[in-house]
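my_file_21.txt (compact mmCIF, C-alpha atoms)
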# COMPACT_ATOMS: atom_id res chain seq x y z
CA MET A 1 0.00 0.00 0.00
CA ALA A 2 1.28 3.43 -0.91
CA ILE A 3 -0.21 4.96 2.22
CA GLY A 4 1.41 2.28 4.36
CA HIS A 5 4.73 3.03 2.72
CA ARG A 6 4.39 6.75 3.25
CA LEU A 7 3.42 6.18 6.85
CA LEU A 8 6.30 3.79 7.44
CA GLY A 9 8.75 6.19 5.81
CA ALA A 10 7.55 9.09 7.92
CA VAL A 11 7.63 7.06 11.14
CA ARG A 12 11.12 5.87 10.31
CA ALA A 13 12.17 9.46 9.63
CA LEU A 14 10.72 10.53 12.99
CA LEU A 15 12.46 7.73 14.88
CA HIS A 16 15.81 8.11 13.16
CA ARG A 17 15.74 11.84 12.86
CA ARG A 18 19.46 12.27 13.43
CA GLN A 19 20.29 9.67 10.80
CA THR A 20 17.81 11.07 8.29
CA GLU A 21 19.25 14.54 8.75
CA ASP A 22 22.81 13.26 8.40
CA GLU A 23 21.95 11.40 5.23
CA MET A 24 20.30 14.49 3.84
CA ASP A 25 23.41 16.57 4.63
CA ALA A 26 25.68 14.01 3.02
CA GLU A 27 23.50 13.79 -0.07
CA LEU A 28 23.41 17.56 -0.56
CA ARG A 29 27.13 17.88 0.05
CA ALA A 30 27.77 15.16 -2.51
CA PHE A 31 25.65 17.06 -5.00
CA VAL A 32 27.65 20.27 -4.53
CA GLU A 33 30.94 18.38 -4.76
CA ALA A 34 29.94 16.54 -7.89
CA SER A 35 28.82 19.79 -9.43
CA ALA A 36 32.11 21.51 -8.52
CA GLU A 37 34.16 18.61 -9.84
CA ARG A 38 32.39 18.71 -13.14
CA ARG A 39 33.08 22.39 -13.49
CA MET A 40 36.74 21.84 -12.63
CA ARG A 41 37.00 19.13 -15.26
CA ALA A 42 35.59 21.67 -17.72
CA GLY A 43 38.50 23.93 -16.86
CA VAL A 44 37.03 26.27 -14.26
CA PRO A 45 39.47 27.11 -11.44
CA GLU A 46 38.70 25.29 -8.19
CA GLN A 47 37.69 28.33 -6.16
CA GLU A 48 35.27 29.54 -8.76
CA ALA A 49 33.92 26.06 -9.43
CA ARG A 50 33.06 25.58 -5.77
CA ARG A 51 31.46 28.99 -5.55
CA ALA A 52 29.32 28.31 -8.62
CA ALA A 53 28.29 24.92 -7.26
CA ARG A 54 27.23 26.42 -3.96
CA PHE A 55 25.36 29.12 -5.81
CA GLU A 56 23.54 26.50 -7.84
CA MET A 57 22.36 24.78 -4.64
CA GLY A 58 21.14 28.07 -3.19
CA SER A 59 20.30 28.22 0.49
CA LEU A 60 21.07 24.81 1.94
CA GLU A 61 18.55 25.29 4.73
CA SER A 62 15.69 26.13 2.42
CA VAL A 63 16.44 23.05 0.29
CA LYS A 64 16.43 20.94 3.45
CA ASP A 65 13.14 22.48 4.53
CA GLY A 66 11.74 21.59 1.14
CA ILE A 67 12.82 17.97 1.59
CA ARG A 68 11.39 17.78 5.08
CA ASP A 69 8.12 19.25 3.91
CA ALA A 70 7.77 16.57 1.23
CA GLY A 71 6.66 14.13 3.94
CA TRP A 72 4.17 14.82 6.70
CA GLU A 73 6.55 14.25 9.61
CA THR A 74 7.29 17.98 9.76
CA ALA A 75 3.63 18.54 10.52
CA VAL A 76 3.88 16.06 13.40
CA GLU A 77 7.01 17.72 14.66
CA ALA A 78 5.49 21.17 14.41
CA PHE A 79 2.42 19.95 16.29
CA TRP A 80 4.58 18.42 19.00
CA ALA A 81 6.59 21.63 19.26
CA ASP A 82 3.32 23.55 19.62
CA VAL A 83 2.19 21.20 22.38
CA ARG A 84 5.44 21.63 24.26
CA TYR A 85 5.37 25.36 23.78
CA SER A 86 1.84 25.69 25.09
CA ALA A 87 2.66 23.46 28.06
CA ARG A 88 5.57 25.74 28.91
CA VAL A 89 3.51 28.89 28.52
CA LEU A 90 0.69 27.44 30.63
CA ALA A 91 3.12 26.32 33.32
CA LYS A 92 4.39 29.89 33.56
CA ALA A 93 0.92 31.21 34.43
CA PRO A 94 -0.48 28.47 36.70
CA VAL A 95 -3.25 30.60 38.20
CA PHE A 96 -4.56 31.72 34.86
CA THR A 97 -4.29 28.19 33.50
CA GLY A 98 -5.99 26.73 36.55
CA VAL A 99 -8.91 29.14 36.36
CA VAL A 100 -9.46 28.63 32.66
CA VAL A 101 -9.12 24.85 32.82
CA LEU A 102 -11.38 24.57 35.85
CA THR A 103 -14.01 26.90 34.44
CA LEU A 104 -14.19 25.11 31.14
CA ALA A 105 -13.98 21.65 32.70
CA LEU A 106 -16.74 22.37 35.19
CA GLY A 107 -18.87 24.22 32.67
CA ILE A 108 -18.74 21.51 30.07
CA GLY A 109 -18.84 18.74 32.66
CA ALA A 110 -21.91 20.14 34.40
CA ASN A 111 -23.70 20.63 31.11
CA THR A 112 -23.04 17.12 29.91
CA ALA A 113 -24.13 15.78 33.30
CA ILE A 114 -27.41 17.68 33.22
CA PHE A 115 -28.02 16.65 29.68
CA SER A 116 -27.29 13.00 30.39
CA LEU A 117 -29.66 13.04 33.36
CA ILE A 118 -32.45 14.47 31.21
CA ASP A 119 -31.50 12.11 28.43
CA SER A 120 -31.71 8.97 30.56
CA LEU A 121 -34.84 10.09 32.44
CA LEU A 122 -36.86 11.62 29.64
CA LEU A 123 -35.45 11.20 26.19
CA LYS A 124 -34.61 7.54 25.83
CA THR A 125 -37.48 5.16 25.29
CA LEU A 126 -38.49 3.01 28.22
CA PRO A 127 -36.20 0.06 28.73
CA VAL A 128 -39.01 -2.47 28.33
CA GLU A 129 -40.17 -4.76 25.58
CA LYS A 130 -42.15 -2.91 22.89
CA PRO A 131 -42.48 0.42 24.72
CA GLU A 132 -44.53 1.75 21.78
CA GLU A 133 -47.39 -0.64 22.62
CA LEU A 134 -47.84 0.62 26.19
CA VAL A 135 -51.03 2.49 27.03
CA GLN A 136 -51.72 4.21 30.32
CA ILE A 137 -55.26 4.59 31.61
CA ASN A 138 -55.76 6.91 34.56
CA ASP A 139 -57.78 9.84 35.86
CA PHE A 140 -60.43 7.68 37.46
CA VAL A 141 -60.69 5.96 40.81
CA LEU A 142 -59.78 2.34 40.41
CA THR A 143 -60.97 0.18 43.27
CA ASN A 144 -59.57 -3.27 43.74
CA SER A 145 -62.75 -5.01 42.68
CA LEU A 146 -62.99 -2.84 39.58
CA TRP A 147 -59.38 -3.65 38.80
CA GLU A 148 -60.00 -7.36 39.19
CA GLN A 149 -62.91 -7.11 36.74
CA ILE A 150 -60.73 -5.36 34.19
CA ARG A 151 -57.87 -7.76 34.73
CA ASN A 152 -60.00 -10.86 34.26
CA ARG A 153 -62.14 -9.65 31.39
CA GLN A 154 -60.00 -7.49 29.15
CA GLU A 155 -59.26 -8.83 25.66
CA LEU A 156 -57.70 -5.73 24.14
CA PHE A 157 -54.15 -6.05 25.47
CA SER A 158 -51.63 -8.83 25.78
CA GLY A 159 -51.32 -7.93 29.44
CA VAL A 160 -52.53 -5.44 32.02
CA PHE A 161 -51.17 -4.31 35.32
CA ALA A 162 -52.07 -1.76 37.96
CA TRP A 163 -49.93 0.23 40.30
CA GLY A 164 -50.14 2.78 43.04
CA SER A 165 -47.25 4.79 44.38
CA VAL A 166 -46.53 4.91 48.06
CA PRO A 167 -43.53 5.91 50.15
CA PHE A 168 -42.10 2.96 52.08
CA ASN A 169 -40.34 3.58 55.34
CA LEU A 170 -36.96 1.84 55.13
CA SER A 171 -35.71 2.61 58.62
CA THR A 172 -36.04 -0.03 61.36
CA GLY A 173 -36.57 2.61 64.02
CA GLY A 174 -35.77 6.19 64.85
CA MET A 175 -35.86 8.61 62.00
CA VAL A 176 -38.14 7.86 59.07
CA ARG A 177 -36.28 7.14 55.86
CA ASN A 178 -38.72 7.07 52.99
CA ALA A 179 -38.07 5.41 49.66
CA ASP A 180 -40.39 5.84 46.71
CA GLY A 181 -42.10 2.58 45.99
CA LEU A 182 -45.02 1.10 44.12
CA TRP A 183 -47.69 -1.40 44.90
CA VAL A 184 -48.02 -3.43 41.73
CA SER A 185 -50.19 -6.21 40.39
CA GLY A 186 -48.71 -9.59 39.59
CA ASP A 187 -48.54 -9.41 35.82
CA ILE A 188 -46.44 -6.21 35.63
CA PHE A 189 -43.07 -7.77 34.91
CA ARG A 190 -44.35 -10.24 32.31
CA THR A 191 -46.26 -7.46 30.55
CA LEU A 192 -43.26 -5.18 30.48
CA GLY A 193 -40.99 -8.07 29.52
CA LEU A 194 -38.50 -7.38 32.29
CA ARG A 195 -36.01 -9.89 33.62
CA PRO A 196 -34.49 -9.77 37.10
CA ALA A 197 -30.79 -9.11 37.58
CA ALA A 198 -30.94 -11.48 40.57
CA GLY A 199 -33.60 -13.63 42.21
CA ARG A 200 -37.06 -13.68 40.66
CA LEU A 201 -39.83 -11.22 39.84
CA PHE A 202 -43.51 -11.35 40.74
CA THR A 203 -45.83 -13.51 38.72
CA VAL A 204 -49.58 -13.80 38.61
CA ASP A 205 -49.27 -16.58 41.21
CA ASP A 206 -47.98 -14.05 43.75
CA ASP A 207 -51.02 -11.89 43.18
CA ARG A 208 -53.78 -13.47 45.25
CA ARG A 209 -55.50 -12.63 48.47
CA GLY A 210 -53.54 -13.65 51.51
CA CYS A 211 -50.21 -14.00 49.77
CA GLY A 212 -47.17 -12.97 51.75
CA ALA A 213 -45.40 -9.66 51.25
CA ARG A 214 -42.95 -9.76 48.39
CA ALA A 215 -40.72 -6.98 47.14
CA VAL A 216 -38.58 -6.25 44.11
CA LEU A 217 -35.77 -3.78 44.57
CA SER A 218 -34.81 -1.61 41.65
CA TYR A 219 -31.39 -0.28 41.13
CA ILE A 220 -32.38 2.12 38.39
CA LEU A 221 -31.06 5.06 40.36
CA ARG A 222 -27.65 3.50 40.59
CA ARG A 223 -27.69 2.75 36.88
CA VAL A 224 -28.73 6.27 35.96
CA MET A 225 -26.15 7.75 38.28
CA GLY A 226 -23.55 5.48 36.76
CA ASP A 227 -24.49 6.81 33.34
CA VAL A 228 -24.27 10.35 34.61
CA ALA A 229 -20.91 9.76 36.25
CA ARG A 230 -19.52 8.30 33.03
CA VAL A 231 -20.73 11.19 30.95
CA LEU A 232 -19.54 13.65 33.56
CA ALA A 233 -16.07 12.13 33.41
CA CYS A 234 -16.11 12.39 29.61
CA GLY A 235 -17.33 15.95 29.86
CA ILE A 236 -14.61 16.98 32.26
CA ALA A 237 -11.98 15.28 30.12
CA ALA A 238 -13.28 17.07 27.04
CA GLY A 239 -13.41 20.28 29.07
CA ILE A 240 -9.79 19.97 30.05
CA ALA A 241 -8.75 19.17 26.50
CA ILE A 242 -10.68 22.11 25.08
CA ALA A 243 -9.39 24.29 27.89
CA PHE A 244 -5.81 23.47 27.01
CA ALA A 245 -6.47 24.12 23.37
CA THR A 246 -8.13 27.46 24.02
CA THR A 247 -5.77 28.70 26.70
CA ARG A 248 -3.05 28.61 24.08
CA LEU A 249 -5.17 30.84 21.91
CA LEU A 250 -6.23 32.99 24.84
CA ASN A 251 -2.67 33.38 25.97
CA ALA A 252 -1.70 34.64 22.56
CA LEU A 253 -4.66 37.00 22.57
CA LEU A 254 -4.04 38.14 26.13
CA PHE A 255 -0.73 39.59 25.12
CA GLY A 256 -1.08 43.32 25.76
CA LEU A 257 -4.73 43.02 26.65
CA THR A 258 -6.81 45.45 28.69
CA ALA A 259 -9.76 44.49 30.88
CA ARG A 260 -12.21 46.25 28.54
CA ASP A 261 -11.01 44.37 25.54
CA PRO A 262 -13.71 42.20 23.94
CA PHE A 263 -11.25 39.27 23.98
CA THR A 264 -11.34 39.29 27.77
CA LEU A 265 -14.93 38.16 27.47
CA ALA A 266 -14.07 35.29 25.19
CA PRO A 267 -13.90 32.53 27.85
CA GLY A 268 -17.17 33.67 29.39
CA ALA A 269 -18.82 33.86 26.01
CA LEU A 270 -17.54 30.42 25.11
CA ILE A 271 -18.90 28.88 28.31
CA ALA A 272 -22.20 30.68 27.90
CA ALA A 273 -22.50 29.48 24.33
CA VAL A 274 -21.74 25.89 25.30
CA SER A 275 -24.23 25.98 28.19
CA LEU A 276 -26.89 27.54 26.03
CA ALA A 277 -26.40 24.99 23.28
CA ALA A 278 -26.56 22.06 25.69
CA GLY A 279 -29.52 23.50 27.58
CA LEU A 280 -31.46 24.40 24.47
CA PHE A 281 -30.97 21.00 22.95
CA ALA A 282 -32.13 19.25 26.09
CA ALA A 283 -35.08 21.57 26.59
CA ARG A 284 -36.20 21.31 22.99
CA ARG A 285 -36.19 17.54 23.20
CA ALA A 286 -37.85 17.60 26.62
CA VAL A 287 -40.94 19.56 25.56
CA THR A 288 -41.70 17.10 22.76
CA ILE A 289 -41.81 14.12 25.12
CA ASP A 290 -44.71 11.75 25.17
CA PRO A 291 -46.35 11.87 28.63
CA MET A 292 -46.01 8.09 28.77
CA THR A 293 -42.31 8.45 29.37
CA ALA A 294 -43.13 9.96 32.75
CA LEU A 295 -43.45 6.32 33.79
CA ARG A 296 -39.70 6.19 33.76
CA GLN A 297 -39.55 8.43 36.79
CA GLU A 298 -40.75 5.66 39.05
CA MET B 1 24.22 27.10 -24.99
CA PRO B 2 20.53 28.00 -25.22
CA GLU B 3 18.86 29.60 -22.24
CA LYS B 4 17.93 27.15 -19.52
CA GLY B 5 14.24 27.01 -18.71
CA ALA B 6 12.21 25.62 -15.88
CA LEU B 7 10.58 22.23 -16.26
CA VAL B 8 7.08 21.86 -17.56
CA GLN B 9 4.88 21.87 -14.48
CA GLY B 10 4.26 18.45 -13.00
CA THR B 11 6.74 16.54 -15.13
CA LEU B 12 9.67 16.33 -12.74
CA ASP B 13 8.55 13.07 -11.14
CA MET B 14 8.16 11.44 -14.53
CA LEU B 15 11.55 12.65 -15.73
CA ILE B 16 13.27 11.35 -12.60
CA LEU B 17 11.62 7.96 -12.98
CA LYS B 18 12.56 7.84 -16.65
CA THR B 19 16.16 8.72 -15.87
CA LEU B 20 16.36 5.97 -13.29
CA ALA B 21 14.81 3.40 -15.62
CA LEU B 22 18.25 2.87 -17.13
CA GLU B 23 20.36 2.47 -13.99
CA PRO B 24 20.57 3.68 -10.38
CA MET B 25 21.98 7.19 -10.11
CA HIS B 26 22.80 9.80 -7.50
CA GLY B 27 21.21 13.22 -7.27
CA TYR B 28 23.71 15.15 -9.31
CA GLY B 29 23.78 12.44 -11.99
CA ILE B 30 20.01 12.65 -12.39
CA ALA B 31 20.09 16.44 -12.69
CA GLN B 32 22.90 16.23 -15.24
CA ARG B 33 21.18 13.56 -17.26
CA ILE B 34 17.93 15.51 -17.51
CA GLU B 35 19.81 18.62 -18.52
CA GLN B 36 21.95 16.82 -21.08
CA ILE B 37 19.24 14.79 -22.74
CA SER B 38 16.98 17.80 -22.98
CA GLN B 39 19.98 19.52 -24.58
CA GLY B 40 19.93 22.24 -22.01
CA VAL B 41 16.27 23.12 -22.47
CA PHE B 42 15.38 22.04 -18.94
CA ALA B 43 17.41 22.84 -15.86
CA VAL B 44 16.55 21.06 -12.66
CA ASN B 45 17.27 23.02 -9.53
CA PRO B 46 18.24 21.15 -6.36
CA GLY B 47 15.52 22.90 -4.42
CA SER B 48 12.87 20.96 -6.28
CA LEU B 49 14.93 17.87 -7.11
CA PHE B 50 15.60 16.70 -3.57
CA PRO B 51 12.05 17.16 -2.25
CA ALA B 52 10.95 15.14 -5.28
CA PHE B 53 13.33 12.33 -4.29
CA ARG B 54 11.86 12.28 -0.81
CA ARG B 55 8.35 12.23 -2.22
CA LEU B 56 9.06 9.43 -4.69
CA GLU B 57 10.84 7.49 -1.98
CA ARG B 58 7.74 7.73 0.22
CA GLU B 59 5.59 6.51 -2.65
CA ALA B 60 8.02 3.57 -2.90
CA TRP B 61 8.61 4.34 -6.58
CA ILE B 62 12.32 4.74 -5.97
CA LYS B 63 14.51 3.33 -3.25
CA PRO B 64 17.83 4.58 -1.92
CA VAL B 65 20.96 2.49 -2.49
CA TRP B 66 24.25 3.39 -0.84
CA LYS B 67 27.20 2.87 -3.16
CA PRO B 68 30.88 3.71 -2.91
CA THR B 69 31.93 6.52 -5.25
CA ASP B 70 35.19 6.99 -7.13
CA ASN B 71 36.75 8.70 -4.12
CA HIS B 72 35.74 5.84 -1.80
CA ARG B 73 32.88 7.58 -0.10
CA GLN B 74 29.37 6.27 0.33
CA ALA B 75 26.95 8.10 -1.91
CA LYS B 76 23.19 7.85 -2.00
CA TYR B 77 22.00 6.43 -5.28
CA TYR B 78 18.38 5.98 -6.21
CA ALA B 79 17.02 2.90 -7.96
CA LEU B 80 13.68 2.43 -9.65
CA THR B 81 11.37 -0.08 -7.96
CA ALA B 82 8.84 -2.33 -9.68
CA ARG B 83 6.08 0.01 -8.53
CA GLY B 84 8.06 2.93 -9.88
CA ARG B 85 8.35 1.23 -13.27
CA LYS B 86 4.59 0.77 -13.37
CA GLN B 87 4.07 4.39 -12.37
CA LEU B 88 6.48 5.55 -15.07
CA GLN B 89 4.56 3.59 -17.67
CA SER B 90 1.21 5.06 -16.67
CA GLU B 91 2.62 8.60 -16.46
CA THR B 92 4.25 8.23 -19.87
CA GLU B 93 0.94 7.14 -21.36
CA THR B 94 -0.92 10.04 -19.77
CA TRP B 95 1.74 12.45 -20.93
CA GLY B 96 1.60 11.06 -24.47
CA ARG B 97 -2.15 11.57 -24.62
CA ARG B 98 -1.91 15.08 -23.23
CA SER B 99 0.91 16.32 -25.42
CA ALA B 100 -0.74 14.83 -28.50
CA ALA B 101 -3.95 16.66 -27.59
CA ILE B 102 -2.10 19.95 -27.13
CA ALA B 103 -0.30 19.44 -30.42
CA ARG B 104 -3.63 18.83 -32.17
CA ILE B 105 -5.12 21.99 -30.68
CA LEU B 106 -2.14 24.08 -31.71
CA GLU B 107 -2.19 22.71 -35.23
CA ALA B 108 -5.92 23.25 -35.66
CA CYS B 109 -5.75 27.00 -35.15

Encoding of this model in structure tokens:
Amino acid sequence: MAIGHRLLGAVRALLHRRQTEDEMDAELRAFVEASAERRMRAGVPEQEARRAARFEMGSLESVKDGIRDAGWETAVEAFWADVRYSARVLAKAPVFTGVVVLTLALGIGANTAIFSLIDSLLLKTLPVEKPEELVQINDFVLTNSLWEQIRNRQELFSGVFAWGSVPFNLSTGGMVRNADGLWVSGDIFRTLGLRPAAGRLFTVDDDRRGCGARAVLSYILRRVMGDVARVLACGIAAGIAIAFATTRLLNALLFGLTARDPFTLAPGALIAAVSLAAGLFAARRAVTIDPMTALRQE
Amino acid sequence: MPEKGALVQGTLDMLILKTLALEPMHGYGIAQRIEQISQGVFAVNPGSLFPAFRRLEREAWIKPVWKPTDNHRQAKYYALTARGRKQLQSETETWGRRSAAIARILEAC
């Protein structure tokens, strides 16, 4: 492959930079010498022949630059030099760097976190089988006997279930520690097509008068928070990266800057723009949400 | 000696490959050969010759060979590779078509 060859050549040139440079020097020197020799053979005095040969070559450095630029390794080297330079400049102004990095990292991190929370709570479809077939019926008082009638007689759906939300007190004594919970009918998990991570879920058999108390614990909060933490980490990482990239620019711009200069507002404007973009996107998606997805908040 | 002119744009690579088709040569030899065979019409300046070598080397059309010179020093020669030979052939064909087309246009007017 030509690309493979080019890549290999460039990598080799980067690794053996000294050798590549030496070879280049030797090659150019040989060219000048050969040129001078030819002139001398043609009868030109040595001094003049050498001068003419050097003149023919022109500036040795610019020829070498031309050779180096023929491959892409100069671009890599220039990039690396830029990175080192910006690291040095940033290290010289630690307070400035710290403020900019922190501001951007927190700004972007917080925005991604908020967005991911909204995303996992509201935007994604319910993590159940065929969420598009779910229908919620409410706004009327459903007594247990009425529910049992519906449950036993309905032919419209492949499954029905009822629920009521109630806070459960988790503490064994002393201060009350409430957890949001639901009373549910037996067919809920089969209807939603959910599988337990451990143990077993309720079935219709559990749903009869006089059955013992059974509970299913959800760990949805932990899962959501895990999602958020992941995205937050990504956001902060991206924030730091962007911060480093922009501080270089800002540093260059800050040279000879006054407080009233519009460039002084650049970091603030950037953060505001990022926040606005993230917020707007989330809000725009949020207002178009099907009410059914409110179920997810359980 | 007639006035030396620059190369026709974009032909340097082809001329280098053609020059190397005969035998491996070093940089100065290639420049000389192009100048001589063109009877002084084209002059190749080192500032474009050496970057071209690097470029062709990266394309794997030519490969460097170190050879001892007359004065017992190692000199960098370039040799045409099989890929380079193929490239030369295709470039020669393209060039033939183009120059024939230009000739036709110039004759028609």

Restrict the distance test to all atoms listed in the file, flag each residue of chain A within 8 Å of chain B, and return the flagged residues as a list in words.
Ala2, Ile3, His5, Arg6, Gly9, Ala10, Ala26, Glu27, Ala30, Phe31, Ala34, Ser35, Glu56, Met57, Gly58, Ser62, Val63, Gly66, Ile67, Arg68, Asp69, Ala70 and Gly71 of chain A

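With CA of Ile114 (chain A) on one side and CA of Ala197 (chain A) on the other, the separation reads 27.4 Å.
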
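Shortest atom-to-atom contact with Glu35 (chain B) among B:Leu7, B:Ala100, B:Ala82, B:Val65: B:Leu7, counting all atoms listed in the file.
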
At what distance in Å, to one decimal, does CA of Glu93 (chain B) lie from CA of Ala21 (chain B)?
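Computing the Euclidean distance for CA of Ala21 (chain B) and CA of Glu93 (chain B) yields 15.5 Å.
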
CA of Val44 (chain B) and CA of Arg17 (chain A) are how many Å apart?
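So the two atoms, CA of Val44 (chain B) and CA of Arg17 (chain A), lie 27.1 Å apart.
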
For a cut-off of 12 Å around (-60.5, -1.4, 39.9), file coordinates, pick out all residues using all atoms listed in the file and list them as a CSV table (one decimal) with C-alpha atoms, keeping the file's coordinate frame.
chain,number,residue,atom,x,y,z
A,137,ILE,CA,-55.3,4.6,31.6
A,138,ASN,CA,-55.8,6.9,34.6
A,140,PHE,CA,-60.4,7.7,37.5
A,141,VAL,CA,-60.7,6.0,40.8
A,142,LEU,CA,-59.8,2.3,40.4
A,143,THR,CA,-61.0,0.2,43.3
A,144,ASN,CA,-59.6,-3.3,43.7
A,145,SER,CA,-62.8,-5.0,42.7
A,146,LEU,CA,-63.0,-2.8,39.6
A,147,TRP,CA,-59.4,-3.6,38.8
A,148,GLU,CA,-60.0,-7.4,39.2
A,149,GLN,CA,-62.9,-7.1,36.7
A,150,ILE,CA,-60.7,-5.4,34.2
A,151,ARG,CA,-57.9,-7.8,34.7
A,152,ASN,CA,-60.0,-10.9,34.3
A,153,ARG,CA,-62.1,-9.6,31.4
A,160,VAL,CA,-52.5,-5.4,32.0
A,161,PHE,CA,-51.2,-4.3,35.3
A,162,ALA,CA,-52.1,-1.8,38.0
A,163,TRP,CA,-49.9,0.2,40.3
A,164,GLY,CA,-50.1,2.8,43.0
A,185,SER,CA,-50.2,-6.2,40.4

Just the residues within 12 Å of Gly199 (chain A), please, counting only C-alpha atoms, with nothing from its chain fewer than 2 positions along; format it as a short mmCIF file (atom, residue, chain, number, x, y, z; two decimals) with C-alpha atoms, in the coordinates of the input.
data_model
loop_
_atom_site.label_atom_id
_atom_site.label_comp_id
_atom_site.auth_asym_id
_atom_site.auth_seq_id
_atom_site.Cartn_x
_atom_site.Cartn_y
_atom_site.Cartn_z
CA ARG A 195 -36.01 -9.89 33.62
CA PRO A 196 -34.49 -9.77 37.10
CA ALA A 197 -30.79 -9.11 37.58
CA LEU A 201 -39.83 -11.22 39.84
CA PHE A 202 -43.51 -11.35 40.74
CA ARG A 214 -42.95 -9.76 48.39
CA ALA A 215 -40.72 -6.98 47.14
CA VAL A 216 -38.58 -6.25 44.11
CA LEU A 217 -35.77 -3.78 44.57
#

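Excluding Arg33 (chain B) itself and any same-chain residue fewer than 5 positions from it, the protein and nucleic acid residues within 12 Å of it, counting all atoms listed in the file, are Leu15, Ile16, Leu17, Lys18, Thr19, Leu20, Leu22, Glu23, Met25, His26, Gly27, Tyr28, Ser38, Gln39, Gly40, Val41, Phe42, Ala43 and Val44 of chain B.
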
Once 3 Å is added on each side, what centre and edge lengths in Å to one decimal does the axis-aligned box around all listed atoms of region 22-28 of chain A have, as JSON?
{"center_x": 23.0, "center_y": 14.5, "center_z": 3.9, "size_x": 11.4, "size_y": 12.2, "size_z": 15.0}

Pick out the closest residue to Val8 (chain B) from this set: B:Ile62, B:Ile105, B:Gln36, B:Trp95. Count all atoms listed in the file.
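Once distances to Val8 (chain B) are computed over all atoms listed in the file, the minimum belongs to B:Trp95.
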
Test item: residues at most 9 Å from Glu48 (chain A), only C-alpha atoms, excluding those fewer than 5 positions along its chain, as an mmCIF file with C-alpha atoms, keeping the file's coordinate frame:
data_model
loop_
_atom_site.group_PDB
_atom_site.id
_atom_site.type_symbol
_atom_site.label_atom_id
_atom_site.label_comp_id
_atom_site.auth_asym_id
_atom_site.auth_seq_id
_atom_site.Cartn_x
_atom_site.Cartn_y
_atom_site.Cartn_z
ATOM 1 C CA ALA A 36 32.110 21.510 -8.520
ATOM 2 C CA ARG A 39 33.080 22.390 -13.490
ATOM 3 C CA MET A 40 36.740 21.840 -12.630
ATOM 4 C CA ALA A 53 28.290 24.920 -7.260
#
